[in-house]
Each structure stands twice: as structure tokens, then as C-alpha cells.
$ cat data15.cif   # mmCIF, C-alpha atoms
data_data
loop_
_atom_site.label_atom_id
_atom_site.label_comp_id
_atom_site.auth_asym_id
_atom_site.auth_seq_id
_atom_site.Cartn_x
_atom_site.Cartn_y
_atom_site.Cartn_z
CA MET T 114 45.81 7.35 -32.67
CA SER T 115 49.59 7.52 -32.74
CA ASP T 116 52.32 9.25 -30.77
CA ASP T 117 52.59 12.09 -33.26
CA ASN T 118 48.82 12.51 -33.55
CA PRO T 119 47.48 11.89 -30.05
CA TYR T 120 44.08 13.45 -30.73
CA GLY T 121 43.36 11.61 -33.96
CA PHE T 122 43.24 14.71 -36.18
CA ALA T 123 42.37 14.07 -39.82
CA PRO T 124 44.95 14.83 -42.55
CA PRO T 125 44.97 18.59 -43.32
CA ASP T 126 43.91 18.11 -46.94
CA ASP T 127 40.96 15.89 -46.04
CA ARG T 128 38.28 18.55 -46.34
CA PRO T 129 35.84 19.50 -49.09
CA LEU T 130 37.88 20.03 -52.25
CA THR T 131 38.18 23.59 -53.49
CA TYR T 132 37.12 22.82 -57.04
CA MET T 133 37.00 26.40 -58.26
CA GLN T 134 40.67 26.98 -57.48
CA ARG T 135 41.67 23.57 -58.81
CA ILE T 136 39.80 24.10 -62.07
CA ARG T 137 41.14 27.64 -62.52
CA ASP T 138 44.71 26.46 -61.98
CA TYR T 139 44.12 23.63 -64.42
CA TYR T 140 42.92 25.82 -67.26
CA VAL T 141 45.52 28.52 -66.68
CA THR T 142 48.28 25.89 -66.78
CA LEU T 143 46.83 24.39 -69.94
CA GLY T 144 47.10 27.84 -71.47
CA PHE T 145 43.46 28.85 -71.70
CA GLY T 146 43.49 32.51 -70.78
CA LYS T 147 40.23 33.71 -69.31
CA PRO T 148 39.09 31.37 -66.55
CA TYR T 149 35.50 30.21 -66.38
CA GLU T 150 33.31 32.49 -64.31
CA TRP T 151 30.68 30.73 -62.28
CA ALA T 152 27.37 32.39 -61.60
CA HIS T 153 27.42 33.87 -58.12
CA TYR T 154 24.78 34.99 -55.65
CA VAL T 155 25.04 35.73 -51.96
CA SER T 156 21.40 35.00 -51.26
CA ALA T 157 18.90 32.52 -52.63
CA PRO T 158 15.16 32.29 -53.20
CA PHE T 159 13.47 29.88 -50.84
CA THR T 160 10.10 28.16 -50.80
CA PRO T 161 9.22 26.22 -47.65
CA MET T 162 7.55 22.84 -48.00
CA THR T 163 3.83 23.26 -47.53
CA LYS T 164 3.02 19.55 -47.66
CA LEU T 165 4.35 16.79 -45.50
CA LEU T 166 7.06 14.83 -47.30
CA ASN T 167 4.98 11.67 -47.13
CA GLU T 168 2.17 13.44 -48.94
CA ALA T 169 4.32 15.26 -51.48
CA ARG T 170 4.70 14.51 -55.17
CA VAL T 171 8.44 14.69 -55.76
CA ALA T 172 10.06 15.29 -59.15
CA LEU T 173 13.60 14.44 -60.21
CA VAL T 174 15.92 16.66 -62.26
CA THR T 175 19.20 15.24 -63.50
CA THR T 176 22.27 16.33 -65.45
CA ALA T 177 22.71 12.79 -66.76
CA ALA T 178 22.22 12.13 -70.48
CA PRO T 179 20.21 9.37 -72.09
CA TYR T 180 22.53 6.70 -73.47
CA GLN T 181 23.17 7.42 -77.16
CA PRO T 182 24.50 4.33 -78.98
CA ASP T 183 25.96 6.42 -81.81
CA ALA T 184 27.79 8.93 -79.60
CA GLY T 185 30.96 7.07 -78.66
CA ASP T 186 32.10 5.58 -75.38
CA GLN T 187 29.78 6.35 -72.48
CA GLY T 188 30.60 3.23 -70.49
CA PRO T 189 32.52 2.59 -67.28
CA TRP T 190 35.75 4.62 -67.01
CA SER T 191 34.98 6.43 -70.28
CA ALA T 192 36.91 9.60 -70.99
CA TYR T 193 35.15 12.96 -71.19
CA ASN T 194 32.83 12.60 -74.17
CA SER T 195 31.47 15.83 -75.58
CA LYS T 196 29.67 13.88 -78.33
CA ALA T 197 27.28 12.64 -75.66
CA LYS T 198 26.25 16.13 -74.58
CA PHE T 199 22.71 17.36 -75.13
CA TYR T 200 21.37 20.87 -75.52
CA GLN T 201 17.64 20.56 -75.00
CA VAL T 202 15.73 19.71 -71.84
CA TYR T 203 14.40 16.15 -72.09
CA SER T 204 11.91 14.24 -69.95
CA GLY T 205 11.24 10.58 -69.23
CA ASP T 206 8.49 8.44 -67.73
CA THR T 207 9.38 7.73 -64.09
CA ALA T 208 7.37 4.49 -64.08
CA VAL T 209 9.99 2.75 -66.23
CA ASP T 210 13.76 2.36 -66.00
CA HIS T 211 16.13 4.53 -68.03
CA ASP T 212 19.72 4.11 -69.14
CA THR T 213 21.42 7.40 -68.27
CA ARG T 214 25.14 8.20 -68.45
CA ILE T 215 27.52 10.92 -67.27
CA SER T 216 30.39 10.67 -69.76
CA HIS T 217 29.54 14.20 -71.00
CA ILE T 218 30.21 15.82 -67.61
CA GLY T 219 33.46 16.93 -65.98
CA ILE T 220 33.41 14.25 -63.30
CA ASP T 221 36.34 12.68 -61.43
CA ARG T 222 37.67 10.22 -64.01
CA LYS T 223 40.17 8.58 -61.73
CA HIS T 224 37.86 7.67 -58.88
CA THR T 225 34.38 7.59 -60.43
CA SER T 226 33.92 4.36 -62.37
CA GLN T 227 30.57 5.30 -64.01
CA GLU T 228 29.52 1.69 -63.45
CA ASP T 229 26.58 2.12 -61.13
CA SER T 230 23.95 4.65 -62.21
CA GLY T 231 22.55 4.57 -58.67
CA THR T 232 25.33 7.00 -57.77
CA TRP T 233 24.04 9.68 -60.18
CA PHE T 234 20.46 8.83 -61.16
CA PRO T 235 18.31 8.11 -58.11
CA LEU T 236 15.06 7.27 -59.89
CA PRO T 237 14.81 3.64 -58.68
CA MET T 238 15.65 4.83 -55.16
CA LEU T 239 13.04 7.59 -55.37
CA ARG T 240 10.43 4.97 -56.34
CA ARG T 241 11.50 2.96 -53.30
CA MET T 242 10.99 6.05 -51.12
CA ALA T 243 7.46 6.30 -52.48
CA ALA T 244 6.80 2.59 -51.91
CA GLU T 245 8.00 2.92 -48.32
CA GLY T 246 5.92 6.03 -47.71
CA VAL T 247 8.87 8.36 -47.17
CA ILE T 248 7.46 10.55 -49.96
CA GLY T 249 3.88 10.65 -51.23
CA GLU T 250 4.65 9.75 -54.83
CA VAL T 251 7.13 10.21 -57.65
CA ALA T 252 6.07 12.82 -60.23
CA PRO T 253 5.19 11.22 -63.59
CA ASN T 254 8.28 12.55 -65.43
CA PHE T 255 11.91 13.22 -64.64
CA HIS T 256 13.71 16.01 -66.47
CA GLY T 257 17.20 16.19 -67.92
CA ALA T 258 19.02 19.52 -67.73
CA PRO T 259 21.71 20.36 -70.28
CA THR T 260 25.08 21.28 -68.82
CA ASN T 261 26.43 23.99 -71.03
CA ARG T 262 28.64 26.87 -70.13
CA SER T 263 26.22 29.66 -71.05
CA HIS T 264 24.54 31.22 -68.02
CA ARG T 265 22.10 32.91 -70.34
CA THR T 266 20.90 29.65 -71.88
CA THR T 267 20.62 27.98 -68.49
CA ILE T 268 18.71 30.84 -66.86
CA GLU T 269 16.54 32.05 -69.73
CA THR T 270 15.82 28.81 -71.56
CA ASP T 271 16.60 25.56 -69.75
CA ALA T 272 15.56 26.58 -66.23
CA GLN T 273 12.29 28.05 -67.49
CA GLU T 274 11.56 24.94 -69.50
CA ILE T 275 12.14 22.75 -66.45
CA VAL T 276 9.95 24.98 -64.27
CA ALA T 277 7.14 24.63 -66.84
CA ARG T 278 7.48 20.86 -67.03
CA VAL T 279 7.62 20.42 -63.24
CA LYS T 280 4.52 22.61 -62.89
CA ALA T 281 2.69 20.65 -65.59
CA ASP T 282 3.31 17.52 -63.53
CA LYS T 283 1.98 19.30 -60.42
CA ALA T 284 5.06 18.36 -58.42
CA ASP T 285 5.30 19.67 -54.86
CA ALA T 286 9.09 19.50 -54.63
CA VAL T 287 12.14 18.66 -56.71
CA VAL T 288 15.24 16.59 -56.04
CA ILE T 289 18.12 17.69 -58.26
CA ALA T 290 20.99 15.29 -58.81
CA ALA T 291 23.88 17.51 -59.90
CA ASN T 292 27.01 15.93 -61.33
CA MET E 215 22.15 23.02 -61.49
CA SER E 216 22.02 25.60 -58.70
CA LEU E 217 20.60 28.06 -61.26
CA ILE E 218 17.80 25.62 -62.05
CA ALA E 219 17.12 25.11 -58.34
CA ARG E 220 16.87 28.87 -57.93
CA ALA E 221 14.41 29.20 -60.81
CA LEU E 222 12.21 26.46 -59.35
CA GLU E 223 12.20 28.12 -55.92
CA GLU E 224 11.37 31.47 -57.49
CA ALA E 225 8.40 29.73 -59.11
CA GLY E 226 7.26 28.48 -55.68
CA ILE E 227 8.62 24.93 -55.84
CA PRO E 228 10.93 23.73 -53.05
CA THR E 229 14.14 22.00 -54.14
CA VAL E 230 17.07 20.10 -52.78
CA ALA E 231 20.27 19.74 -54.81
CA MET E 232 22.43 16.67 -54.24
CA GLY E 233 26.05 17.21 -55.18
CA CYS E 234 29.76 16.83 -54.47
CA ALA E 235 31.23 20.25 -55.34
CA LYS E 236 30.53 22.18 -52.15
CA ASP E 237 32.39 25.35 -53.03
CA ILE E 238 30.75 25.70 -56.45
CA VAL E 239 27.18 24.97 -55.34
CA GLU E 240 27.45 27.36 -52.40
CA TYR E 241 29.11 30.04 -54.54
CA VAL E 242 26.26 29.95 -57.04
CA GLY E 243 23.75 29.89 -54.18
CA ALA E 244 21.58 26.79 -54.04
CA PRO E 245 18.51 27.08 -51.80
CA ARG E 246 19.08 23.64 -50.17
CA PHE E 247 22.19 21.55 -50.72
CA TYR E 248 22.85 17.98 -49.60
CA PHE E 249 26.60 17.67 -49.85
CA SER E 250 28.42 14.36 -50.21
CA ASP E 251 32.18 14.58 -49.85
CA PHE E 252 32.65 12.10 -52.69
CA PRO E 253 34.47 12.35 -56.04
CA LEU E 254 32.48 14.24 -58.70
CA GLY E 255 29.96 11.95 -60.35
CA ASN E 256 28.60 10.39 -57.17
CA PRO E 257 26.03 12.83 -55.80
CA CYS E 258 23.64 10.01 -54.86
CA GLY E 259 25.87 7.63 -52.91
CA ARG E 260 28.73 5.17 -53.29
CA PRO E 261 28.88 2.71 -56.22
CA HIS E 262 27.64 -0.85 -55.67
CA ASP E 263 26.41 0.23 -52.26
CA PRO E 264 22.61 0.58 -52.45
CA GLU E 265 22.37 1.15 -48.72
CA SER E 266 24.58 4.26 -49.05
CA GLN E 267 22.41 5.44 -51.96
CA TYR E 268 19.29 4.91 -49.87
CA GLN E 269 20.73 6.85 -46.94
CA THR E 270 21.97 9.65 -49.20
CA LEU E 271 18.59 10.19 -50.85
CA LYS E 272 16.85 9.93 -47.49
CA GLY E 273 19.20 12.57 -46.11
CA ALA E 274 18.45 14.88 -49.03
CA LEU E 275 14.70 14.41 -48.62
CA GLY E 276 15.08 15.12 -44.91
CA LEU E 277 16.75 18.43 -45.77
CA LEU E 278 13.96 19.25 -48.19
CA ALA E 279 11.48 18.98 -45.34
CA SER E 280 13.55 20.44 -42.51
CA ALA E 281 15.30 23.52 -43.95
CA THR E 282 13.91 26.78 -42.61
CA ALA E 283 16.17 29.21 -44.47
CA PRO E 284 17.84 29.52 -47.88
CA MET E 285 21.40 28.38 -48.55
CA THR E 286 21.19 25.57 -46.06
CA THR E 287 23.85 22.91 -46.59
CA VAL E 288 23.74 19.56 -44.85
CA GLN E 289 26.69 17.18 -45.14
CA ASN E 290 26.15 13.50 -45.77
CA PRO E 291 27.76 11.67 -42.82
CA LEU E 292 28.93 8.87 -45.13
CA ARG E 293 32.57 8.80 -46.21
CA TRP E 294 34.17 7.74 -49.47
CA PRO E 295 36.32 4.65 -48.85
CA GLY E 296 39.92 5.42 -47.89
CA ASN E 297 41.44 8.37 -46.16
CA GLY E 298 40.52 11.19 -48.51
CA GLU E 299 43.53 10.56 -50.80
CA TRP E 300 41.31 10.88 -53.87
CA LYS E 301 41.16 14.62 -53.26
CA ALA E 302 44.78 15.09 -54.35
CA ASP E 303 44.09 13.76 -57.85
CA PHE E 304 41.33 15.85 -59.42
CA SER E 305 42.67 18.12 -62.22
CA ASN E 306 45.77 18.65 -60.13
CA VAL E 307 48.39 20.26 -62.37
CA SER E 308 51.05 20.00 -59.70
CA GLN E 309 50.95 16.23 -60.24
CA MET E 310 51.16 16.32 -64.05
CA SER E 311 54.18 16.11 -66.34
CA PRO E 312 54.54 18.66 -69.18
CA GLU E 313 53.68 15.85 -71.63
CA GLU E 314 50.48 15.10 -69.74
CA ILE E 315 49.53 18.79 -69.74
CA ALA E 316 50.15 18.99 -73.51
CA ARG E 317 48.07 15.87 -74.09
CA ARG E 318 45.18 17.29 -72.07
CA ARG E 319 45.39 20.60 -73.91
CA GLU E 320 44.92 18.81 -77.24
CA GLU E 321 42.12 16.67 -75.82
CA PHE E 322 40.33 19.75 -74.52
CA GLU E 323 40.55 21.55 -77.88
CA ARG E 324 39.25 18.46 -79.65
CA GLY E 325 36.33 18.12 -77.21
CA LYS E 326 35.44 21.78 -77.63
CA GLU E 327 35.27 21.42 -81.40
CA ILE E 328 33.04 18.35 -81.14
CA ALA E 329 30.70 20.08 -78.68
CA LYS E 330 30.54 23.19 -80.89
CA ALA E 331 29.65 21.10 -83.95
CA LYS E 332 26.97 19.23 -82.02
CA LEU E 333 25.43 22.42 -80.66
CA LYS E 334 25.31 23.85 -84.18
CA GLN E 335 23.72 20.68 -85.51
CA GLU E 336 21.08 20.58 -82.72
CA THR E 337 20.15 24.25 -82.98
CA ALA E 338 19.94 23.95 -86.78
CA ALA E 339 17.47 21.08 -86.33
CA GLU E 340 15.12 23.17 -84.16
#
$ encode --input "data15.cif" --output "C-alpha cells"
Amino acid sequence: MSDDNPYGFAPPDDRPLTYMQRIRDYYVTLGFGKPYEWAHYVSAPFTPMTKLLNEARVALVTTAAPYQPDAGDQGPWSAYNSKAKFYQVYSGDTAVDHDTRISHIGIDRKHTSQEDSGTWFPLPMLRRMAAEGVIGEVAPNFHGAPTNRSHRTTIETDAQEIVARVKADKADAVVIAAN
Amino acid sequence: MSLIARALEEAGIPTVAMGCAKDIVEYVGAPRFYFSDFPLGNPCGRPHDPESQYQTLKGALGLLASATAPMTTVQNPLRWPGNGEWKADFSNVSQMSPEEIARRREEFERGKEIAKAKLKQETAAE
């Protein structure tokens, strides 16, 4: 509280960032003509949970990439690294730990250190939820989703592949960690 | 990622997306969205703060169970350290010098070429 802010209002710009505008302005200023067009729907499909959470088998889907030693810097504070991108859905055994990275994604490179994978890959935490009985169990595999700019590839190929893999694991619900 | 969530829901599998870009996820239309007002790259909590990561995942799982309608967003009550100043920095051209903009333009073109080459290589290997 202060004399000029007696009700303790937050700063006007402290609200969820309008990324779409920021990104459009960025690319227009850089001189790239046609701005990216995000997919857009005004409604969404919805499946209610039919099992209690503590009885449900929960799967994890991530946009993180497996660490690739030959693909350049993917470490803390690494710059955007398109060499580390991947274009096929991949899966991994949830019973063991995995080294995943996010250098291939357009994250905040000034404030996101990329040091602690717990901020983007919640597999160890999901196992803890299972151990504590918050969820029934972790599905046997997690799935990595490519982040490319083609809506067609995402909808017709990658999403269908992930649906098939999640079904094969008989998961009751999916947590998606989107970067 | 919202498109993948939608495909899963269409196939009869409930989802919750954890993320930091509220406007984008809601524009695409995610069925359930657990929003953390954190810099991009931290959808699952704050770094070196396992308790925040625990609470964030627990919040997302709570939304999975509690949502009764599509396009439900719940905001993580946790805050990123500081007073929200980080929001001024992301891809903000009004803060960049012409030299910085030119440097980024070159970097972007280079990255695009590398990604294109890798895509070609991976699809050729199929």
C-alpha cells in the first residue's frame, strides 16, 4: 500500500501476457510477411472422467525432446535450437527416468533457465502422485509430441498416433505438459 | 498441444493441458487448461521448487476430475517470483535496437534452414 495506490492494485501490465499479439508484432517487425495463423475453435470436445482420479491410469504427453548429444546446445540458457527438434511421435517407459530438453521450443529465453526439468516434464512428480494415491497409476509409457507449424501434420498424423498409443496403454486420462 | 488434447477427447479420453500461454491455448480451444502465469517453458511449476511443481500438478489433476464443461481454465494460484516484470521482455520489439532486430532476423532464417534440412532428412529415413 502507498499513498498513490491506496487499494493495492497490481501494475496494469501484470496480467496474462498476450502472446499472439506479441509474436505477430515480432515477426512483422523482423520482416516476415504473413503472420502465423493459430488453429482456432470456439468450442471443444469434452469427455468427463468416468473413474475416480485415485483409480485412474494417467498418461503423460510432452512437447519436450529427448536429449540428443549430437544436436548442439540443449543445456541451461541454451538459445533456440532447431537441430534438437523431432518430427515423429516418440514414447518412453514411465518406470525409468528420462533426460528431456526444451531447447527446440519457443520458450522465454530470458527468464526460463532450462535447468530444472521438473518445470516442463512432470514424470517424477506424476509417479509421486501415484505413490501417494492421488492417482491410481501412471500409464506405462509417456509420449512426445512434435511441435511443428503444420496443422495438418499435427491433426492428421501426430494427434492420431498419440491417441492410438494412449489407447494401447489403456489410459483413463492424459496430462499434457505444453511448452 | 491443444489440438492433441482435442483429438484425445474426441476419442473418449479426458485430458488436462498444463501451460503458460493462456491466450493461445484458449484460442485453439483446449478442453481443460491449467494455466500458470509463468514464463514460457515452465508449465509444471517453478524451477528448483519441487513443492511448487507438486502443487501445480495436483492442481491440474484436480481440474481433470472436477471440470464439468469444455474449455474450462483454472489458474494456478502460485506466482512467478517478482512483480510480473518478466512479462515486458518476451519477444518485445519495442525494447529492441535495430541491430538486435537484424541479428534475430538472421538467426531465425538460419534456424528455419536447419529445421527444414532435418525434416527432410527424417522424412527421407521413413
$ closest_atom_pairs --input "data15.cif" --of "chain T" --to "chain E" --cutoff "6 Å" --atoms "only C-alpha atoms" --output "Markdown table"
| residue | atom | partner | partner_atom | distance |
| --- | --- | --- | --- | --- |
| T:Asp127 | CA | E:Gly298 | CA | 5.3 |
| T:Tyr139 | CA | E:Val307 | CA | 5.8 |
| T:Leu143 | CA | E:Arg319 | CA | 5.7 |
| T:Ala152 | CA | E:Val242 | CA | 5.3 |
| T:His153 | CA | E:Val242 | CA | 4.2 |
| T:Tyr154 | CA | E:Gly243 | CA | 5.4 |
| T:Ala157 | CA | E:Pro245 | CA | 5.5 |
| T:Pro158 | CA | E:Glu224 | CA | 5.8 |
| T:Phe159 | CA | E:Pro284 | CA | 5.3 |
| T:Thr160 | CA | E:Pro228 | CA | 5.0 |
| T:Ser195 | CA | E:Ala329 | CA | 5.3 |
| T:Ile220 | CA | E:Leu254 | CA | 4.7 |
| T:Asp221 | CA | E:Leu254 | CA | 5.0 |
| T:Asp229 | CA | E:Pro261 | CA | 5.5 |
| T:Thr232 | CA | E:Cys258 | CA | 4.5 |
| T:Trp233 | CA | E:Cys258 | CA | 5.3 |
| T:Ala272 | CA | E:Ile218 | CA | 4.8 |
| T:Val276 | CA | E:Leu222 | CA | 5.6 |
| T:Ala286 | CA | E:Pro228 | CA | 4.9 |
| T:Val287 | CA | E:Thr229 | CA | 4.7 |
| T:Val288 | CA | E:Val230 | CA | 5.1 |
| T:Ile289 | CA | E:Ala231 | CA | 4.6 |
| T:Ala290 | CA | E:Met232 | CA | 5.0 |
| T:Ala291 | CA | E:Gly233 | CA | 5.2 |
| T:Asn292 | CA | E:Gly255 | CA | 5.1 |
$ residues_around --input "data15.cif" --residues "Val202 in chain T" --least-positions-apart "5" --cutoff "12 Å" --atoms "only C-alpha atoms" --output "number ranges by chain"
T: 174-179, 255-261, 266-267, 270-279; E: 218
$ residues_around --input "data15.cif" --residues "Pro189 in chain T" --least-positions-apart "3" --cutoff "12 Å" --atoms "only C-alpha atoms" --output "PyMOL selection string"
(chain T and resi 186+192-193+214-216+222-230) or (chain E and resi 255+261)
$ atom_distance --input "data15.cif" --atom1 "CA of Pro125 in chain T" --atom2 "CA of Glu265 in chain E"
29.1 Å
$ residues_around --input "data15.cif" --residues "Ala184 in chain T" --least-positions-apart "6" --cutoff "9 Å" --atoms "all atoms listed in the file" --output "JSON, numbers by chain"
{"T": [194, 195, 196, 197, 198]}
$ atom_distance --input "data15.cif" --atom1 "CA of Gly144 in chain T" --atom2 "CA of His264 in chain T"
23.1 Å
$ axis_aligned_box --input "data15.cif" --around "range 172-188 of chain T" --padding-each-side "4 Å" --output "JSON"
{"center_x": 21.1, "center_y": 9.9, "center_z": -70.5, "size_x": 30.0, "size_y": 21.4, "size_z": 30.7}
$ atom_distance --input "data15.cif" --atom1 "CA of Gly246 in chain T" --atom2 "CA of Leu166 in chain T"
8.9 Å
$ closest_residue --input "data15.cif" --among "T:Ala172, T:Glu269, T:Gly121, T:Lys280" --to "Pro235 in chain T" --atoms "all atoms listed in the file"
T:Ala172
$ residues_around --input "data15.cif" --residues "Thr207 in chain T" --least-positions-apart "5" --cutoff "8 Å" --atoms "all atoms listed in the file" --output "list of chain:residue names"
T:Leu236, T:Val251, T:Ala252, T:Pro253, T:Asn254, T:Phe255
$ closest_residue --input "data15.cif" --among "T:Ser263, T:Pro237, T:Ser115, T:Leu130" --to "Tyr200 in chain T" --atoms "all atoms listed in the file"
T:Ser263
$ resolve_selection --input "data15.cif" --expression "the PyMOL selection byres ((chain T and resi 168) around 9)" --output "number ranges by chain"
T: 164-167, 169-170, 246-250
$ decode --input "data15.cif" --residues "range 171-189 of chain T" --atoms "N, CA, C and O atoms" --output "compact mmCIF listing (two decimals), in the first residue's frame"
# COMPACT_ATOMS: atom_id res chain seq x y z
N VAL T 171 -3.17 -42.73 -15.48
CA VAL T 171 -2.96 -41.42 -16.11
C VAL T 171 -1.71 -41.45 -16.98
O VAL T 171 -0.63 -41.87 -16.54
N ALA T 172 -1.85 -40.99 -18.22
CA ALA T 172 -0.73 -40.92 -19.16
C ALA T 172 -0.19 -39.50 -19.22
O ALA T 172 -0.88 -38.54 -18.86
N LEU T 173 1.04 -39.39 -19.67
CA LEU T 173 1.68 -38.07 -19.83
C LEU T 173 2.06 -37.86 -21.29
O LEU T 173 2.64 -38.75 -21.92
N VAL T 174 1.71 -36.68 -21.80
CA VAL T 174 2.15 -36.27 -23.14
C VAL T 174 2.97 -34.99 -22.98
O VAL T 174 2.60 -34.10 -22.21
N THR T 175 4.08 -34.93 -23.67
CA THR T 175 5.00 -33.81 -23.51
C THR T 175 5.44 -33.26 -24.86
O THR T 175 5.48 -34.00 -25.85
N THR T 176 5.82 -31.97 -24.87
CA THR T 176 6.44 -31.42 -26.08
C THR T 176 7.97 -31.44 -25.97
O THR T 176 8.66 -31.01 -26.89
N ALA T 177 8.47 -31.90 -24.83
CA ALA T 177 9.92 -31.94 -24.63
C ALA T 177 10.55 -32.99 -25.55
O ALA T 177 9.90 -33.95 -25.96
N ALA T 178 11.82 -32.78 -25.86
CA ALA T 178 12.55 -33.70 -26.75
C ALA T 178 13.52 -34.53 -25.92
O ALA T 178 14.05 -34.04 -24.92
N PRO T 179 13.79 -35.76 -26.37
CA PRO T 179 14.86 -36.50 -25.70
C PRO T 179 16.19 -35.79 -25.96
O PRO T 179 16.39 -35.25 -27.04
N TYR T 180 17.06 -35.78 -24.98
CA TYR T 180 18.37 -35.16 -25.17
C TYR T 180 19.12 -35.88 -26.30
O TYR T 180 19.19 -37.10 -26.32
N GLN T 181 19.65 -35.08 -27.23
CA GLN T 181 20.38 -35.66 -28.36
C GLN T 181 21.81 -35.12 -28.35
O GLN T 181 22.02 -33.97 -28.73
N PRO T 182 22.76 -35.94 -27.91
CA PRO T 182 24.13 -35.45 -27.71
C PRO T 182 24.74 -34.82 -28.97
O PRO T 182 25.60 -33.94 -28.86
N ASP T 183 24.28 -35.23 -30.15
CA ASP T 183 24.90 -34.71 -31.37
C ASP T 183 24.14 -33.53 -31.97
O ASP T 183 24.39 -33.14 -33.11
N ALA T 184 23.20 -32.97 -31.21
CA ALA T 184 22.34 -31.92 -31.80
C ALA T 184 22.58 -30.53 -31.21
O ALA T 184 21.67 -29.70 -31.20
N GLY T 185 23.79 -30.28 -30.75
CA GLY T 185 24.10 -28.92 -30.30
C GLY T 185 23.64 -28.65 -28.87
O GLY T 185 23.19 -29.55 -28.16
N ASP T 186 23.74 -27.38 -28.50
CA ASP T 186 23.48 -26.99 -27.11
C ASP T 186 22.00 -27.13 -26.75
O ASP T 186 21.15 -26.50 -27.36
N GLN T 187 21.73 -27.95 -25.77
CA GLN T 187 20.37 -28.11 -25.25
C GLN T 187 20.36 -27.88 -23.74
O GLN T 187 19.43 -28.28 -23.04
N GLY T 188 21.43 -27.29 -23.24
CA GLY T 188 21.60 -27.14 -21.80
C GLY T 188 20.95 -25.88 -21.26
O GLY T 188 20.23 -25.18 -21.97
N PRO T 189 21.23 -25.59 -19.98
CA PRO T 189 20.68 -24.39 -19.36
C PRO T 189 20.99 -23.13 -20.17
O PRO T 189 22.10 -22.98 -20.68
